[in-house]
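Here's the structure we're looking at; comments come further down.
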2 protein chains.
Amino acid sequence: MAAQPDRGRRIVLLTEGHSEPLAGKTASCLLRYRAADIVAILDSTQAGRTAADLFGVGGGIPVVATLEAAGPADELLIGIAVPGGKVPSSWRPVILAAIGRGMRVVSGLHDFLADDPEFAAAARDRGVEIHDVRRNAERDVAKCPPLREECLRILTIGQDISVGKMVTSVELARALGSRGVDAKFIATGQTGIMIEGDGCPIDRVISDFVNGAVEKQVLANQHHEVVIVEGQATITHPQYSGVSLGLLHGCDPHGMVVVYEAGRPHHMGLPHIPLPPLERVISAYETMAGFRGGGRVIAVAMNSRRLSPEQADAERERVRRELGLPVADPIRHGSHELVDAVLALASRRRGA
Amino acid sequence: MAAQPDRGRRIVLLTEGHSEPLAGKTASCLLRYRAADIVAILDSTQAGRTAADLFGVGGGIPVVATLEAAGPADELLIGIAVPGGKVPSSWRPVILAAIGRGMRVVSGLHDFLADDPEFAAAARDRGVEIHDVRRNAERDVAKCPPLREECLRILTIGQDISVGKMVTSVELARALGSRGVDAKFIATGQTGIMIEGDGCPIDRVISDFVNGAVEKQVLANQHHEVVIVEGQATITHPQYSGVSLGLLHGCDPHGMVVVYEAGRPHHMGLPHIPLPPLERVISAYETMAGFRGGGRVIAVAMNSRRLSPEQADAERERVRRELGLPVADPIRHGSHELVDAVLALASRRRGA
């Protein structure tokens, strides 16, 4: 079900007409964590620029107008999430051309490319694979067995969608690793799965089986010292709250790291719905976690991309003071303070 | 997507080997609300008995050992939910025989009968329909538009699965109707859909679209004075909480009626997980409802099937006193007190 990690493959990222960090969240995260595998970004509206110009990451990886201009490549990866999940008609010739060149096509869209008769026929004729990362066959209800308590379970949660839960999760797992801790990032979304090479696309699972699908990920990984489970959306979100609560109860975290974007006024895409204060989000999560093992929020990951360095420092101090929790923007400040909070929790639990 | 109401059809309920009220929840509810359409119960292990003997409802509807013994019939309806959702091999010949007799087959299982090659081929040959009630194509994210405030939205919630949320919902809608209120039962589970003829099988919807699927049901029905939305599971449930929270936020109720079974010690099927107290369930629901319109719990529906009349009265008084809310077992006591609570809320809202 999971994408295999394709270290060493040559990937072209398709972001046609949407090369900016939020719409191109998948592209942007792949550029951050798998830059070595990416040979070009395909966006005819931005040809001649670089990854760093458009996404702020990825350095000099070129933006090209055609597959030919990208040079030799093995894989076309759809790098953006389009509203409604439908493939824009302007992409069809590019996808067909990639198949024609023998390239594997990887997509995280809700609409499966392999179910498109034209793509499917072309892929069959050319003998190439179409990999729809969100496809899954999860059909198991959670069994709620005792979990291995020597494995510390951390869940990233958030105030909204697209605040940086995945980035925080990856950064935390890597920073723990660099301190000698055997930590595993459990991906629960298509981009995380593309980066990590395994995981479960939880928002695509049939709702009855969400808690069970997450539990299964924990059971498969609890030989590690720490698992960092990637959160999705938030339990306070009017559109996606069901996904988020199933995730919370399915992994039953010992601790949570809450992620927010400084300066975001309302739910993304819902200007009529203001964001609840972070305190209220934290309290709701702790209330709902209390129906399982009762994990608490142990740190705050701030996404300060809209702020100047001075503003970011002031915001960090304000939130530290108001919530009494460690606070850091993992990209701007590094993850030391967040890692310290995780290790302190592990140590408190060993002592308990 | 929804089953059409088939008033006047002649239904055989298949409950082979599982003719008891909890495993045969679908059968039991169909017997309660569509007895006039049911000609027989098919359970070779109980032949010669009656619906009332086995389910406590359905009067003299006979239990038969074979389709032949059921007499003329148009429809075979799978009346039980089997663990794992797989069709037991012992049912296969019965289903094939029903198809062979030209009977429509209706199922609420997660495993779709129409996807079974043998059933599908037989149905095609005979020109009969297999209706999998849980099949749906929900693919819309909630849009969170303003809802029609003249339509009062009531959600039934619960302390656990299988406590009586559907029965409470149907009873409430009918009792409101008998008081001259234009009330609509919005079914969200397969049995409710079989009874009402429309609705959405919410636990079978892809998790990203649960809130949206529920919202769509509300939008389609808000010309009524009152909608009673059938709850599923509970947001405190370790296995199914995601379904329940999506349902809550998708319908954004003005008021909730909480349903519980007196004397149930732990989550059904999870003897190691005690039930949280009703107060805590209510508080959690009101906390989470507060991220939308802030509906409150207005009444308690008690399922007192395990209690004697005296015990039920004592329990009712205890809960009334402790929670300060109207309490009634809709089957034992009728729904008057619950209806009064709904009408009082409607009146308070009109006054506000």
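Ordering of the structure tokens sets the chain letters (A, B, ...); residue numbers start at 1 within each chain; ligands are numbered from 1 in the order shown.
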
Considering only C-alpha atoms, give me a table of residues in chain B that are at most 6 Å from chain A, with the closest atom pair and distance in Å for each, as a tab-separated table.
```
residue	atom	partner	partner_atom	distance
B:Ala142	CA	A:Gln239	CA	5.1
B:Asp203	CA	A:Asp208	CA	4.9
B:Arg204	CA	A:Ile206	CA	5.5
B:Val205	CA	A:Ile206	CA	5.5
B:Ile206	CA	A:Ile206	CA	4.3
B:Ser207	CA	A:Ser207	CA	4.4
B:Asp208	CA	A:Asp203	CA	4.9
B:Asn211	CA	A:Gln239	CA	5.6
B:Thr236	CA	A:Phe291	CA	5.9
B:Pro238	CA	A:His249	CA	5.7
B:Gln239	CA	A:Ala142	CA	5.1
B:Tyr240	CA	A:Asp208	CA	5.9
B:Ser241	CA	A:Gly246	CA	5.7
B:Gly242	CA	A:Gly242	CA	4.0
B:Val243	CA	A:Ser207	CA	5.6
B:Leu245	CA	A:Gly242	CA	5.0
B:Gly246	CA	A:Gly242	CA	4.1
B:His249	CA	A:Pro238	CA	5.7
B:Phe291	CA	A:Thr236	CA	5.9
```

Open item on the list: I need the residues in range 4-204 of chain B that are strand (DSSP E) according to DSSP; give them as a ChimeraX atom specification.
Closed with: /B:11-14,38-42,63-64,75-78,104-107,130-132,152-158,183-186

Residues from last step as file, N, CA and C atoms, as a compact mmCIF listing (two decimals), in the first residue's frame:
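Result went into out_19.txt, see below:
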```txt
# COMPACT_ATOMS: atom_id res chain seq x y z
N ILE B 11 -40.84 -9.12 2.27
CA ILE B 11 -39.43 -9.30 2.63
C ILE B 11 -39.22 -10.55 3.48
N VAL B 12 -38.18 -11.31 3.16
CA VAL B 12 -37.71 -12.38 4.05
C VAL B 12 -36.42 -11.87 4.71
N LEU B 13 -36.41 -11.91 6.05
CA LEU B 13 -35.24 -11.45 6.81
C LEU B 13 -34.32 -12.63 7.07
N LEU B 14 -33.08 -12.53 6.60
CA LEU B 14 -32.12 -13.61 6.85
C LEU B 14 -31.35 -13.32 8.14
N ILE B 38 -42.83 -7.66 6.19
CA ILE B 38 -41.99 -8.84 6.40
C ILE B 38 -42.85 -10.10 6.46
N VAL B 39 -42.54 -11.05 5.59
CA VAL B 39 -43.36 -12.27 5.54
C VAL B 39 -42.76 -13.40 6.38
N ALA B 40 -41.44 -13.38 6.59
CA ALA B 40 -40.83 -14.47 7.36
C ALA B 40 -39.42 -14.11 7.77
N ILE B 41 -38.95 -14.82 8.79
CA ILE B 41 -37.55 -14.76 9.21
C ILE B 41 -36.93 -16.10 8.83
N LEU B 42 -35.76 -16.04 8.19
CA LEU B 42 -35.13 -17.29 7.75
C LEU B 42 -33.98 -17.63 8.69
N VAL B 63 -40.80 -17.89 11.85
CA VAL B 63 -39.41 -18.22 11.55
C VAL B 63 -39.43 -19.51 10.75
N VAL B 64 -38.77 -19.49 9.58
CA VAL B 64 -38.80 -20.65 8.69
C VAL B 64 -37.39 -21.15 8.43
N GLU B 75 -38.07 -10.12 -1.71
CA GLU B 75 -36.79 -9.55 -1.28
C GLU B 75 -36.21 -10.38 -0.14
N LEU B 76 -34.89 -10.65 -0.25
CA LEU B 76 -34.16 -11.25 0.87
C LEU B 76 -33.31 -10.14 1.47
N LEU B 77 -33.51 -9.88 2.75
CA LEU B 77 -32.79 -8.79 3.40
C LEU B 77 -31.88 -9.38 4.48
N ILE B 78 -30.58 -9.10 4.38
CA ILE B 78 -29.63 -9.62 5.37
C ILE B 78 -29.89 -8.88 6.68
N ARG B 104 -35.00 -9.79 -5.05
CA ARG B 104 -34.02 -8.75 -4.82
C ARG B 104 -33.27 -9.09 -3.53
N VAL B 105 -31.98 -8.80 -3.48
CA VAL B 105 -31.21 -9.05 -2.26
C VAL B 105 -30.71 -7.72 -1.71
N VAL B 106 -30.98 -7.46 -0.45
CA VAL B 106 -30.59 -6.19 0.17
C VAL B 106 -29.65 -6.48 1.33
N SER B 107 -28.52 -5.78 1.36
CA SER B 107 -27.53 -6.04 2.40
C SER B 107 -26.93 -4.74 2.91
N ILE B 130 -29.10 -6.54 -6.75
CA ILE B 130 -28.47 -6.68 -5.43
C ILE B 130 -28.25 -5.26 -4.93
N HIS B 131 -28.84 -4.95 -3.81
CA HIS B 131 -28.71 -3.58 -3.29
C HIS B 131 -27.84 -3.57 -2.04
N ASP B 132 -26.62 -3.03 -2.17
CA ASP B 132 -25.73 -2.89 -1.02
C ASP B 132 -25.93 -1.50 -0.43
N LEU B 152 -34.88 23.17 13.01
CA LEU B 152 -34.19 22.77 14.24
C LEU B 152 -33.45 21.45 14.00
N ARG B 153 -32.17 21.45 14.30
CA ARG B 153 -31.35 20.25 14.06
C ARG B 153 -31.06 19.55 15.39
N ILE B 154 -31.53 18.31 15.49
CA ILE B 154 -31.31 17.51 16.70
C ILE B 154 -30.47 16.29 16.31
N LEU B 155 -29.44 16.02 17.09
CA LEU B 155 -28.60 14.83 16.85
C LEU B 155 -28.74 13.89 18.05
N THR B 156 -28.95 12.61 17.76
CA THR B 156 -28.88 11.64 18.85
C THR B 156 -27.42 11.20 19.00
N ILE B 157 -26.95 11.19 20.23
CA ILE B 157 -25.57 10.78 20.51
C ILE B 157 -25.65 9.64 21.53
N GLY B 158 -24.52 9.04 21.87
CA GLY B 158 -24.63 7.90 22.78
C GLY B 158 -23.40 7.70 23.62
N ALA B 183 -41.38 16.77 11.06
CA ALA B 183 -40.05 16.29 11.47
C ALA B 183 -39.56 15.21 10.52
N LYS B 184 -38.27 15.25 10.21
CA LYS B 184 -37.68 14.27 9.30
C LYS B 184 -36.56 13.52 10.02
N PHE B 185 -36.60 12.20 9.94
CA PHE B 185 -35.53 11.35 10.45
C PHE B 185 -34.44 11.27 9.38
N ILE B 186 -33.24 11.70 9.72
CA ILE B 186 -32.12 11.57 8.78
C ILE B 186 -31.30 10.35 9.16
```

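Note that CA of Ala220 in chain A and CA of Ala36 in chain A are 28.4 Å apart.
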
Task: Shell of 12 Å around Gly102 in chain A, only C-alpha atoms, local chain residues under 5 positions omitted, as an MDAnalysis selection string - done: chainID A and resid 67 72:76 95:97 122:130

So that I have them on file, write out the residues from the current selection with N, CA and C atoms, as a tab-separated table (two decimals), in the first residue's frame.
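Printed below is out-v4.tsv as written:
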```
chain	number	residue	atom	x	y	z
A	67	LEU	N	8.84	18.05	-20.49
A	67	LEU	CA	9.55	16.86	-20.01
A	67	LEU	C	10.90	16.73	-20.71
A	72	PRO	N	16.94	13.20	-18.63
A	72	PRO	CA	16.57	11.83	-18.26
A	72	PRO	C	15.89	11.80	-16.88
A	73	ALA	N	14.77	11.08	-16.79
A	73	ALA	CA	14.04	10.99	-15.52
A	73	ALA	C	13.24	9.70	-15.50
A	74	ASP	N	12.99	9.19	-14.27
A	74	ASP	CA	12.28	7.91	-14.12
A	74	ASP	C	10.85	8.08	-13.66
A	75	GLU	N	10.55	9.27	-13.11
A	75	GLU	CA	9.28	9.35	-12.39
A	75	GLU	C	8.69	10.75	-12.53
A	76	LEU	N	7.38	10.82	-12.80
A	76	LEU	CA	6.65	12.09	-12.74
A	76	LEU	C	5.82	12.05	-11.47
A	95	ILE	N	0.99	14.00	-18.40
A	95	ILE	CA	0.98	12.68	-17.78
A	95	ILE	C	1.12	11.59	-18.86
A	96	LEU	N	0.40	11.77	-19.97
A	96	LEU	CA	0.49	10.79	-21.05
A	96	LEU	C	1.89	10.78	-21.67
A	97	ALA	N	2.48	11.96	-21.78
A	97	ALA	CA	3.84	12.03	-22.34
A	97	ALA	C	4.83	11.33	-21.41
A	122	ALA	N	-2.67	3.57	-21.40
A	122	ALA	CA	-1.33	3.99	-21.82
A	122	ALA	C	-0.26	3.32	-20.97
A	123	ALA	N	-0.51	3.25	-19.66
A	123	ALA	CA	0.48	2.65	-18.75
A	123	ALA	C	0.63	1.16	-19.03
A	124	ARG	N	-0.51	0.52	-19.32
A	124	ARG	CA	-0.47	-0.92	-19.62
A	124	ARG	C	0.34	-1.15	-20.90
A	125	ASP	N	0.04	-0.36	-21.93
A	125	ASP	CA	0.76	-0.51	-23.21
A	125	ASP	C	2.26	-0.32	-23.04
A	126	ARG	N	2.64	0.64	-22.21
A	126	ARG	CA	4.05	0.99	-22.10
A	126	ARG	C	4.74	0.18	-20.98
A	127	GLY	N	3.91	-0.57	-20.19
A	127	GLY	CA	4.47	-1.36	-19.10
A	127	GLY	C	5.01	-0.51	-17.96
A	128	VAL	N	4.40	0.64	-17.71
A	128	VAL	CA	4.87	1.46	-16.58
A	128	VAL	C	3.82	1.46	-15.47
A	129	GLU	N	4.28	1.82	-14.30
A	129	GLU	CA	3.42	1.79	-13.12
A	129	GLU	C	2.81	3.16	-12.86
A	130	ILE	N	1.52	3.16	-12.52
A	130	ILE	CA	0.91	4.38	-11.96
A	130	ILE	C	0.70	4.09	-10.48
```

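Each of A:Ala137, A:Leu172, A:Ala52, A:Ile228 was compared to Leu338 in chain A using only C-alpha atoms, and A:Leu172 turns out to be the nearest.
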
Open item on the list: For a quick check of understanding, using only C-alpha atoms, which of B:Glu150, B:Met103, B:Pro93, B:Lys216 has the smallest distance to Gly351 in chain B?
Closed with: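 Among the listed residues, the smallest separation from Gly351 in chain B belongs to B:Glu150.
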
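If you measure from each of A:Ile195, A:Met268, A:Val259, A:Val170 to Val227 in chain A using only C-alpha atoms, the closest one turns out to be A:Val170.
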